[in-house]
Every structure is written in C-alpha cells, then in structure tokens.
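> Handing you a structure now.
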Amino acid sequence: MTSAVEETLTANGLRHHVIRWGELPVDVVLCHGFLDIGWSFDALARELVDAGHGVASFDWRGHGETEWIGAGGYYHFPDYALDLDSLLPQLGDAPIHLVGHSMGGSACVMYAAARPDRLRSLTLIEGIGPPEMEPRDPAKRLHAWLDGVAKVRRKRSKPIVDTRAALKRMRVQNPELGDELGLFLASKSTKKVEGGLDWTFDPLHKTWAPRPFQVEMFEKLLEAIATPTLVVAGERGFRLEDERNRISKIEQHHFVEIPGVGHMIHWFEPRMLAVELSDFFAQHQP
C-alpha cells in the first residue's frame, strides 16, 4: 500500500503541513481549494503514485494544520504565491507538475505567470478564477471587509458535537459525500476544542476580501502563462459564463471535461482524474 508521510516545513515564515505519497522524488504537487485540505487529494495521490509519480500536497496558510497568519494579518492572494515560491524548492530541485483546484488553481495561475522555470506543466481543476465579485465599488467593498473582520473577531463559534455532525455540515454543499470519504475528511478538517470540535480553517477566510476579483487583471495573468496547461472541469461543476474566453487566454492549453461530476472532482472521481493527469504529464516529461 502506498505510504503517506507528514512533515512540517516553514515557508514564507509560516509552518506548513505537508503530505508526501510514495518513495519517488516529488514531481507532482497538488494544491487544494477554499476551505479544503491537502488530505482531500489522498485517493488521487495514490493513483498518481501507482502511475509512477512522487506526489506531495499541503495545507494553504490558515487551512488544515498549516499555521494561521499572525495578529493583524489577513489572507491576500499574492501571499499564496509567495508561500509557493518558498515551499516548492523545499520539495525538490527539478521543475514539477503543479496542480491546483478552485482557489488553489487561481493561486497557481499567479505562480505560473511569474515562475515558469519552476514548472514542467500546470493543471487547473476548475481553477480559472471566480466570477466577477460584487460589490465592485471600492468603498462598499472596504466597508464590507471591515465589518466582516470585526464580526469574526468578536464571534465565538459553537463547538461541533463530533465528526458525524461535521460531515452533516459538509453535506450541505456536497450531499453526495459518502460516509467513508466524508468521515475521513471531517476528521482531518476539525480539531478538538472545549465542548467538541471546531474547523481547522481560520474564520477570516469567510470574510469579504478588501479588493474585488477583477477579470481583466486575471486575464493578464492567464496570458502570461508559458507553461503547457491542462484545464479540467466537471460536467456539473462550477462553470463560468466566460469560461471559454478565459481558457483561450492561455497560449498552450488543453481542455478536458469529466462527465457526471461536480466541482469536487478530486473527491468523487479521483481515478478518472488521475488518468487525465497521467496522460498529460507523460506528454511533458523532461
């Protein structure tokens, strides 16, 4: 059975929780999405190891077992790119296949635009950016951000009874989540607190960002990607109205749609996703 080893690496001043699968040097790095964790790639990672790869994943800052930002800090997207820039060299010297899901894909776009020499290929799993965000007015946006942060700082969350109760909450967004995978993810996504459990992610993640997402700026990053890129979408996934236009900005891209699955492709179709990734990686070996 494929071994999984956990370690802690300091990247950009924060302690990052890292998971490695297999015995080979890491050539694939998997980056999770919003309020997800590195362990959610477990099944996919094992499939990729069987296909001949060394695989690593990690928890982004403020997620899972990775350190939260300090007092007075916040989570800005360029910070994720800076974390990657510090973390990836610690996982290996050679260029890697970088895979990002959802929010993690958006961060990988930023990194790929700035550090093409570090990548062998890029895969974006429903990770071509969110839709245009409201409110767009800067003053209204800042007002919402200030109020949101203040609310989080004064609010004390009610403990979750147990992992099954946590799974029930997870099923609000993903009702098809089965017991085996769901309880595994729930156990890895929570921590013990007085009176029960709490989520491991920093509540600040659920506040409005101070700056709205701007498609025009993100398209400039997509245009700057020189790395061969695989774009993966679920047939029932989180699809954007301007999906085709955004993808067209990437010079070297290939698009794949996974049938019968929604946004969390790596949860529900890891084997099918692994086949697509392995085929794509094979085309871009050194």
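Chain lettering (A, B, ...) mirrors the order of the structure tokens, residue numbering begins at 1 for each chain separately, and ligand numbering begins at 1 in order of display.
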Residues at most 6 Å from A:Cys31, counting only C-alpha atoms, excluding those fewer than 5 positions away in the same chain, as JSON, numbers by chain?
{"A": [99, 100, 104]}
> Give me, as a list in words, all polymer residues having an atom no more than 12 Å from stretch 182-184 of chain A, counting only C-alpha atoms and skipping those fewer than 5 positions away in the same chain.
Ile37, Trp39, Ser40, Phe41, Asp42, Ala43, Asp162, Thr163, Arg164, Ala165, Ala166, Leu167, Lys168, Arg169, Met170, Arg171, Asn174, Pro175, Glu176, Leu177, Ser189, Thr190, Trp267 and Phe268 of chain A
> Filtering to N, CA and C atoms, could you give me those residues as a PDB file, in the first residue's frame?

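Contents of again_33.pdb, freshly written:
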ATOM      1  N   ILE A  37      -8.493  20.818   2.311  1.00  0.00           N
ATOM      2  CA  ILE A  37      -7.219  20.451   2.938  1.00  0.00           C
ATOM      3  C   ILE A  37      -6.414  19.572   1.993  1.00  0.00           C
ATOM      4  N   TRP A  39      -5.166  16.677   2.580  1.00  0.00           N
ATOM      5  CA  TRP A  39      -5.562  15.273   2.671  1.00  0.00           C
ATOM      6  C   TRP A  39      -6.690  14.921   1.703  1.00  0.00           C
ATOM      7  N   SER A  40      -7.423  15.916   1.207  1.00  0.00           N
ATOM      8  CA  SER A  40      -8.543  15.611   0.303  1.00  0.00           C
ATOM      9  C   SER A  40      -8.060  15.031  -1.023  1.00  0.00           C
ATOM     10  N   PHE A  41      -6.746  15.133  -1.292  1.00  0.00           N
ATOM     11  CA  PHE A  41      -6.166  14.553  -2.504  1.00  0.00           C
ATOM     12  C   PHE A  41      -5.675  13.128  -2.284  1.00  0.00           C
ATOM     13  N   ASP A  42      -5.941  12.536  -1.140  1.00  0.00           N
ATOM     14  CA  ASP A  42      -5.350  11.237  -0.801  1.00  0.00           C
ATOM     15  C   ASP A  42      -5.583  10.182  -1.880  1.00  0.00           C
ATOM     16  N   ALA A  43      -6.825  10.004  -2.295  1.00  0.00           N
ATOM     17  CA  ALA A  43      -7.123   8.977  -3.302  1.00  0.00           C
ATOM     18  C   ALA A  43      -6.457   9.296  -4.634  1.00  0.00           C
ATOM     19  N   ASP A 162     -19.398  16.229  17.007  1.00  0.00           N
ATOM     20  CA  ASP A 162     -18.464  15.164  16.652  1.00  0.00           C
ATOM     21  C   ASP A 162     -18.256  15.180  15.135  1.00  0.00           C
ATOM     22  N   THR A 163     -17.446  14.234  14.632  1.00  0.00           N
ATOM     23  CA  THR A 163     -17.136  14.221  13.198  1.00  0.00           C
ATOM     24  C   THR A 163     -18.368  13.950  12.348  1.00  0.00           C
ATOM     25  N   ARG A 164     -19.311  13.186  12.852  1.00  0.00           N
ATOM     26  CA  ARG A 164     -20.528  12.931  12.069  1.00  0.00           C
ATOM     27  C   ARG A 164     -21.354  14.209  11.928  1.00  0.00           C
ATOM     28  N   ALA A 165     -21.358  15.038  12.961  1.00  0.00           N
ATOM     29  CA  ALA A 165     -22.036  16.331  12.866  1.00  0.00           C
ATOM     30  C   ALA A 165     -21.307  17.250  11.884  1.00  0.00           C
ATOM     31  N   ALA A 166     -19.977  17.149  11.872  1.00  0.00           N
ATOM     32  CA  ALA A 166     -19.196  17.935  10.910  1.00  0.00           C
ATOM     33  C   ALA A 166     -19.502  17.484   9.484  1.00  0.00           C
ATOM     34  N   LEU A 167     -19.605  16.166   9.288  1.00  0.00           N
ATOM     35  CA  LEU A 167     -19.950  15.632   7.974  1.00  0.00           C
ATOM     36  C   LEU A 167     -21.323  16.123   7.525  1.00  0.00           C
ATOM     37  N   LYS A 168     -22.270  16.191   8.440  1.00  0.00           N
ATOM     38  CA  LYS A 168     -23.610  16.682   8.103  1.00  0.00           C
ATOM     39  C   LYS A 168     -23.529  18.101   7.545  1.00  0.00           C
ATOM     40  N   ARG A 169     -22.664  18.923   8.122  1.00  0.00           N
ATOM     41  CA  ARG A 169     -22.486  20.291   7.623  1.00  0.00           C
ATOM     42  C   ARG A 169     -21.828  20.286   6.248  1.00  0.00           C
ATOM     43  N   MET A 170     -20.863  19.397   6.051  1.00  0.00           N
ATOM     44  CA  MET A 170     -20.184  19.314   4.764  1.00  0.00           C
ATOM     45  C   MET A 170     -21.142  18.888   3.653  1.00  0.00           C
ATOM     46  N   ARG A 171     -22.143  18.088   4.019  1.00  0.00           N
ATOM     47  CA  ARG A 171     -23.090  17.602   3.028  1.00  0.00           C
ATOM     48  C   ARG A 171     -24.069  18.683   2.554  1.00  0.00           C
ATOM     49  N   ASN A 174     -22.166  19.390  -0.434  1.00  0.00           N
ATOM     50  CA  ASN A 174     -21.879  18.176  -1.205  1.00  0.00           C
ATOM     51  C   ASN A 174     -22.714  17.023  -0.669  1.00  0.00           C
ATOM     52  N   PRO A 175     -24.027  16.995  -0.985  1.00  0.00           N
ATOM     53  CA  PRO A 175     -24.926  15.981  -0.425  1.00  0.00           C
ATOM     54  C   PRO A 175     -24.564  14.551  -0.806  1.00  0.00           C
ATOM     55  N   GLU A 176     -23.787  14.371  -1.885  1.00  0.00           N
ATOM     56  CA  GLU A 176     -23.426  13.018  -2.308  1.00  0.00           C
ATOM     57  C   GLU A 176     -22.215  12.463  -1.562  1.00  0.00           C
ATOM     58  N   LEU A 177     -21.675  13.208  -0.617  1.00  0.00           N
ATOM     59  CA  LEU A 177     -20.483  12.790   0.119  1.00  0.00           C
ATOM     60  C   LEU A 177     -20.807  11.582   0.999  1.00  0.00           C
ATOM     61  N   SER A 189     -10.369  17.740   8.949  1.00  0.00           N
ATOM     62  CA  SER A 189     -10.712  19.161   8.805  1.00  0.00           C
ATOM     63  C   SER A 189     -11.140  19.803  10.111  1.00  0.00           C
ATOM     64  N   THR A 190     -11.120  19.032  11.207  1.00  0.00           N
ATOM     65  CA  THR A 190     -11.541  19.557  12.504  1.00  0.00           C
ATOM     66  C   THR A 190     -10.456  19.347  13.554  1.00  0.00           C
ATOM     67  N   TRP A 267     -12.444  14.604  -5.182  1.00  0.00           N
ATOM     68  CA  TRP A 267     -13.132  13.806  -4.162  1.00  0.00           C
ATOM     69  C   TRP A 267     -13.861  12.622  -4.790  1.00  0.00           C
ATOM     70  N   PHE A 268     -14.617  12.899  -5.857  1.00  0.00           N
ATOM     71  CA  PHE A 268     -15.592  11.941  -6.342  1.00  0.00           C
ATOM     72  C   PHE A 268     -15.161  11.138  -7.571  1.00  0.00           C
TER      73      PHE A 268
END
> From stretch 138-249 of chain A, collect each residue whose DSSP state is strand (DSSP E) and return the set as number ranges by chain.
A: 190-193, 196-199, 229-234
> With N, CA and C atoms retained, export the selected residues as a CSV table (one decimal), in the first residue's frame.

chain,number,residue,atom,x,y,z
A,190,THR,N,-11.1,19.0,11.2
A,190,THR,CA,-11.5,19.6,12.5
A,190,THR,C,-10.5,19.3,13.6
A,191,LYS,N,-10.6,20.1,14.6
A,191,LYS,CA,-9.7,19.9,15.8
A,191,LYS,C,-10.5,19.9,17.1
A,192,LYS,N,-9.9,19.4,18.1
A,192,LYS,CA,-10.6,19.3,19.4
A,192,LYS,C,-10.5,20.7,20.1
A,193,VAL,N,-11.7,21.1,20.6
A,193,VAL,CA,-11.8,22.3,21.4
A,193,VAL,C,-12.7,22.0,22.6
A,196,GLY,N,-16.2,20.0,22.2
A,196,GLY,CA,-16.4,19.3,21.0
A,196,GLY,C,-15.3,19.5,20.0
A,197,LEU,N,-15.7,19.9,18.8
A,197,LEU,CA,-14.7,20.1,17.7
A,197,LEU,C,-15.0,21.5,17.0
A,198,ASP,N,-13.9,21.9,16.3
A,198,ASP,CA,-14.1,23.2,15.5
A,198,ASP,C,-13.3,22.9,14.2
A,199,TRP,N,-13.7,23.7,13.2
A,199,TRP,CA,-13.0,23.6,11.9
A,199,TRP,C,-11.5,24.1,12.1
A,229,THR,N,-0.6,23.8,-20.2
A,229,THR,CA,-1.6,23.8,-19.2
A,229,THR,C,-2.8,22.9,-19.5
A,230,LEU,N,-3.2,22.1,-18.6
A,230,LEU,CA,-4.4,21.3,-18.7
A,230,LEU,C,-5.5,21.9,-17.9
A,231,VAL,N,-6.6,22.2,-18.5
A,231,VAL,CA,-7.8,22.8,-17.8
A,231,VAL,C,-8.8,21.7,-17.7
A,232,VAL,N,-9.2,21.4,-16.4
A,232,VAL,CA,-10.2,20.3,-16.2
A,232,VAL,C,-11.5,20.9,-15.5
A,233,ALA,N,-12.6,20.5,-16.1
A,233,ALA,CA,-13.9,20.9,-15.5
A,233,ALA,C,-14.8,19.7,-15.3
A,234,GLY,N,-15.7,19.8,-14.3
A,234,GLY,CA,-16.7,18.8,-14.1
A,234,GLY,C,-17.9,19.1,-14.9
> Which residues, written as JSON, numbers by chain, have at least one atom at most 9 Å from stretch 120-137 of chain A, with only C-alpha atoms counted and residues fewer than 4 positions away on the same chain left out?
{"A": [27, 33, 94, 95, 96, 97, 98, 99, 100, 101, 102, 103, 104, 105, 106, 107, 108, 109, 112, 116, 141, 142, 144, 211, 212, 213, 214, 215, 218, 222, 227, 228, 229, 230, 231, 232, 233, 234, 237, 238, 239, 240, 241, 242, 243, 246, 247, 263, 264, 265, 266, 277, 280, 281, 284, 285, 286]}
> Any chance you can output those residues with C-alpha atoms as a PDB file, in the first residue's frame?

ATOM      1  CA  ASP A  27       7.361  15.625  -9.310  1.00  0.00           C
ATOM      2  CA  GLY A  33      -9.142  24.895  -2.831  1.00  0.00           C
ATOM      3  CA  ALA A  94      13.593  19.834 -10.563  1.00  0.00           C
ATOM      4  CA  PRO A  95      10.623  21.527 -12.254  1.00  0.00           C
ATOM      5  CA  ILE A  96       7.308  19.962 -11.191  1.00  0.00           C
ATOM      6  CA  HIS A  97       3.789  19.321 -12.421  1.00  0.00           C
ATOM      7  CA  LEU A  98       1.726  21.848 -10.468  1.00  0.00           C
ATOM      8  CA  VAL A  99      -1.965  21.046  -9.967  1.00  0.00           C
ATOM      9  CA  GLY A 100      -4.436  23.487  -8.424  1.00  0.00           C
ATOM     10  CA  HIS A 101      -8.118  23.061  -7.597  1.00  0.00           C
ATOM     11  CA  SER A 102     -10.511  26.019  -7.434  1.00  0.00           C
ATOM     12  CA  MET A 103      -8.955  28.730  -5.213  1.00  0.00           C
ATOM     13  CA  GLY A 104      -5.703  26.776  -5.323  1.00  0.00           C
ATOM     14  CA  GLY A 105      -5.854  26.942  -9.105  1.00  0.00           C
ATOM     15  CA  SER A 106      -6.155  30.723  -9.007  1.00  0.00           C
ATOM     16  CA  ALA A 107      -3.047  30.889  -6.821  1.00  0.00           C
ATOM     17  CA  CYS A 108      -1.238  28.521  -9.201  1.00  0.00           C
ATOM     18  CA  VAL A 109      -2.106  30.820 -12.119  1.00  0.00           C
ATOM     19  CA  ALA A 112       2.885  30.065 -13.127  1.00  0.00           C
ATOM     20  CA  PRO A 116       7.562  29.414 -15.481  1.00  0.00           C
ATOM     21  CA  ARG A 141     -16.082  46.625  -0.587  1.00  0.00           C
ATOM     22  CA  LEU A 142     -13.849  48.031   2.140  1.00  0.00           C
ATOM     23  CA  ALA A 144     -17.964  45.058   4.000  1.00  0.00           C
ATOM     24  CA  ARG A 211     -10.449  44.068  -3.147  1.00  0.00           C
ATOM     25  CA  PRO A 212     -12.947  42.522  -5.580  1.00  0.00           C
ATOM     26  CA  PHE A 213     -11.770  39.967  -8.106  1.00  0.00           C
ATOM     27  CA  GLN A 214     -11.177  41.690 -11.449  1.00  0.00           C
ATOM     28  CA  VAL A 215     -11.423  39.561 -14.559  1.00  0.00           C
ATOM     29  CA  PHE A 218      -6.660  37.899 -14.028  1.00  0.00           C
ATOM     30  CA  LEU A 222      -3.560  33.806 -17.873  1.00  0.00           C
ATOM     31  CA  THR A 227       3.712  26.509 -19.316  1.00  0.00           C
ATOM     32  CA  PRO A 228       1.708  23.728 -21.025  1.00  0.00           C
ATOM     33  CA  THR A 229      -1.619  23.800 -19.189  1.00  0.00           C
ATOM     34  CA  LEU A 230      -4.411  21.275 -18.702  1.00  0.00           C
ATOM     35  CA  VAL A 231      -7.787  22.765 -17.778  1.00  0.00           C
ATOM     36  CA  VAL A 232     -10.201  20.302 -16.164  1.00  0.00           C
ATOM     37  CA  ALA A 233     -13.892  20.912 -15.497  1.00  0.00           C
ATOM     38  CA  GLY A 234     -16.681  18.781 -14.106  1.00  0.00           C
ATOM     39  CA  GLY A 237     -19.151  21.717 -11.842  1.00  0.00           C
ATOM     40  CA  PHE A 238     -18.818  25.400 -11.057  1.00  0.00           C
ATOM     41  CA  ARG A 239     -18.762  26.651 -14.634  1.00  0.00           C
ATOM     42  CA  LEU A 240     -18.276  30.297 -15.570  1.00  0.00           C
ATOM     43  CA  GLU A 241     -20.173  32.175 -18.268  1.00  0.00           C
ATOM     44  CA  ASP A 242     -16.858  33.385 -19.688  1.00  0.00           C
ATOM     45  CA  GLU A 243     -15.078  30.026 -19.250  1.00  0.00           C
ATOM     46  CA  ARG A 246     -10.591  32.807 -20.021  1.00  0.00           C
ATOM     47  CA  ILE A 247      -9.201  29.467 -21.189  1.00  0.00           C
ATOM     48  CA  HIS A 263     -16.877  20.856  -8.571  1.00  0.00           C
ATOM     49  CA  MET A 264     -15.053  18.464  -6.221  1.00  0.00           C
ATOM     50  CA  ILE A 265     -13.657  16.250  -8.962  1.00  0.00           C
ATOM     51  CA  HIS A 266     -10.707  15.020  -6.867  1.00  0.00           C
ATOM     52  CA  LEU A 277      -3.374  13.909 -15.358  1.00  0.00           C
ATOM     53  CA  PHE A 280      -0.954  14.928 -19.724  1.00  0.00           C
ATOM     54  CA  PHE A 281       2.169  14.592 -17.551  1.00  0.00           C
ATOM     55  CA  HIS A 284       5.553  16.910 -20.757  1.00  0.00           C
ATOM     56  CA  GLN A 285       8.380  14.896 -19.294  1.00  0.00           C
ATOM     57  CA  PRO A 286      11.946  16.272 -19.400  1.00  0.00           C
TER      58      PRO A 286
END
> Using only C-alpha atoms, I'd like a table of the residues in stretch 174-239 of chain A that come within 12 Å of stretch 146-156 of chain A; for each, show the closest atom pair and its distance in Å rounded to one decimal, ordered by chain and ascending number, as a tab-separated table.

residue	atom	partner	partner_atom	distance
A:Val193	CA	A:Arg156	CA	11.9
A:Glu194	CA	A:Arg156	CA	12.0
A:Asp198	CA	A:Arg156	CA	10.8
A:Asp202	CA	A:Val152	CA	9.7
A:Pro203	CA	A:Val152	CA	6.5
A:Leu204	CA	A:Val149	CA	6.6
A:His205	CA	A:Val149	CA	9.5
A:Lys206	CA	A:Gly148	CA	8.4
A:Thr207	CA	A:Gly148	CA	5.3
A:Trp208	CA	A:Gly148	CA	6.6
A:Ala209	CA	A:Gly148	CA	9.3
A:Pro210	CA	A:Leu146	CA	8.1
A:Arg211	CA	A:Leu146	CA	11.7
> Dump N, CA and C atoms for the selected residues as a PDB file, in the first residue's frame?

ATOM      1  N   VAL A 193     -11.669  21.096  20.574  1.00  0.00           N
ATOM      2  CA  VAL A 193     -11.787  22.307  21.379  1.00  0.00           C
ATOM      3  C   VAL A 193     -12.657  21.978  22.580  1.00  0.00           C
ATOM      4  N   GLU A 194     -12.744  22.878  23.509  1.00  0.00           N
ATOM      5  CA  GLU A 194     -13.592  22.644  24.682  1.00  0.00           C
ATOM      6  C   GLU A 194     -15.049  22.471  24.246  1.00  0.00           C
ATOM      7  N   ASP A 198     -13.948  21.945  16.317  1.00  0.00           N
ATOM      8  CA  ASP A 198     -14.081  23.155  15.509  1.00  0.00           C
ATOM      9  C   ASP A 198     -13.325  22.935  14.215  1.00  0.00           C
ATOM     10  N   ASP A 202      -9.035  29.140   9.410  1.00  0.00           N
ATOM     11  CA  ASP A 202      -9.176  30.441  10.060  1.00  0.00           C
ATOM     12  C   ASP A 202     -10.494  31.076   9.605  1.00  0.00           C
ATOM     13  N   PRO A 203     -11.364  31.488  10.530  1.00  0.00           N
ATOM     14  CA  PRO A 203     -12.641  32.110  10.153  1.00  0.00           C
ATOM     15  C   PRO A 203     -12.492  33.366   9.297  1.00  0.00           C
ATOM     16  N   LEU A 204     -11.321  33.974   9.308  1.00  0.00           N
ATOM     17  CA  LEU A 204     -11.114  35.160   8.468  1.00  0.00           C
ATOM     18  C   LEU A 204     -11.308  34.840   6.981  1.00  0.00           C
ATOM     19  N   HIS A 205     -11.137  33.565   6.612  1.00  0.00           N
ATOM     20  CA  HIS A 205     -11.324  33.185   5.210  1.00  0.00           C
ATOM     21  C   HIS A 205     -12.756  33.432   4.734  1.00  0.00           C
ATOM     22  N   LYS A 206     -13.697  33.471   5.649  1.00  0.00           N
ATOM     23  CA  LYS A 206     -15.098  33.604   5.267  1.00  0.00           C
ATOM     24  C   LYS A 206     -15.563  35.058   5.215  1.00  0.00           C
ATOM     25  N   THR A 207     -14.643  35.996   5.319  1.00  0.00           N
ATOM     26  CA  THR A 207     -14.982  37.412   5.203  1.00  0.00           C
ATOM     27  C   THR A 207     -14.796  37.882   3.762  1.00  0.00           C
ATOM     28  N   TRP A 208     -15.448  38.996   3.417  1.00  0.00           N
ATOM     29  CA  TRP A 208     -15.243  39.608   2.105  1.00  0.00           C
ATOM     30  C   TRP A 208     -13.791  40.040   1.962  1.00  0.00           C
ATOM     31  N   ALA A 209     -13.180  39.773   0.815  1.00  0.00           N
ATOM     32  CA  ALA A 209     -11.832  40.295   0.550  1.00  0.00           C
ATOM     33  C   ALA A 209     -11.916  41.801   0.356  1.00  0.00           C
ATOM     34  N   PRO A 210     -10.874  42.555   0.738  1.00  0.00           N
ATOM     35  CA  PRO A 210     -10.945  44.010   0.611  1.00  0.00           C
ATOM     36  C   PRO A 210     -10.953  44.510  -0.824  1.00  0.00           C
ATOM     37  N   ARG A 211     -10.437  43.694  -1.740  1.00  0.00           N
ATOM     38  CA  ARG A 211     -10.449  44.068  -3.147  1.00  0.00           C
ATOM     39  C   ARG A 211     -11.241  43.040  -3.940  1.00  0.00           C
TER      40      ARG A 211
END
> Work out how far apart atom CA of A:Arg46 and atom CA of A:Glu7 are and give it in Å to one decimal.
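Spanning atom CA of A:Arg46 to atom CA of A:Glu7 is a straight-line distance of 17.7 Å.
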> Between atom CA of A:Ala274 and atom CA of A:Val49, what is the distance, to one decimal in Å?
9.7 Å
> Point out the residue among A:Ile19, A:Leu221, A:Val256, A:Val275 with the least atom-to-atom distance to A:Tyr111, counting only C-alpha atoms.
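That would be A:Leu221, the residue with the smallest distance to A:Tyr111.
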> For each of A:Ala139, A:Leu35, A:Leu14, A:Val172, take the minimum atom-to-atom distance to A:Gly64, counting only C-alpha atoms, then give the residue where this is smallest.
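Closest to A:Gly64, using only C-alpha atoms: A:Leu35.
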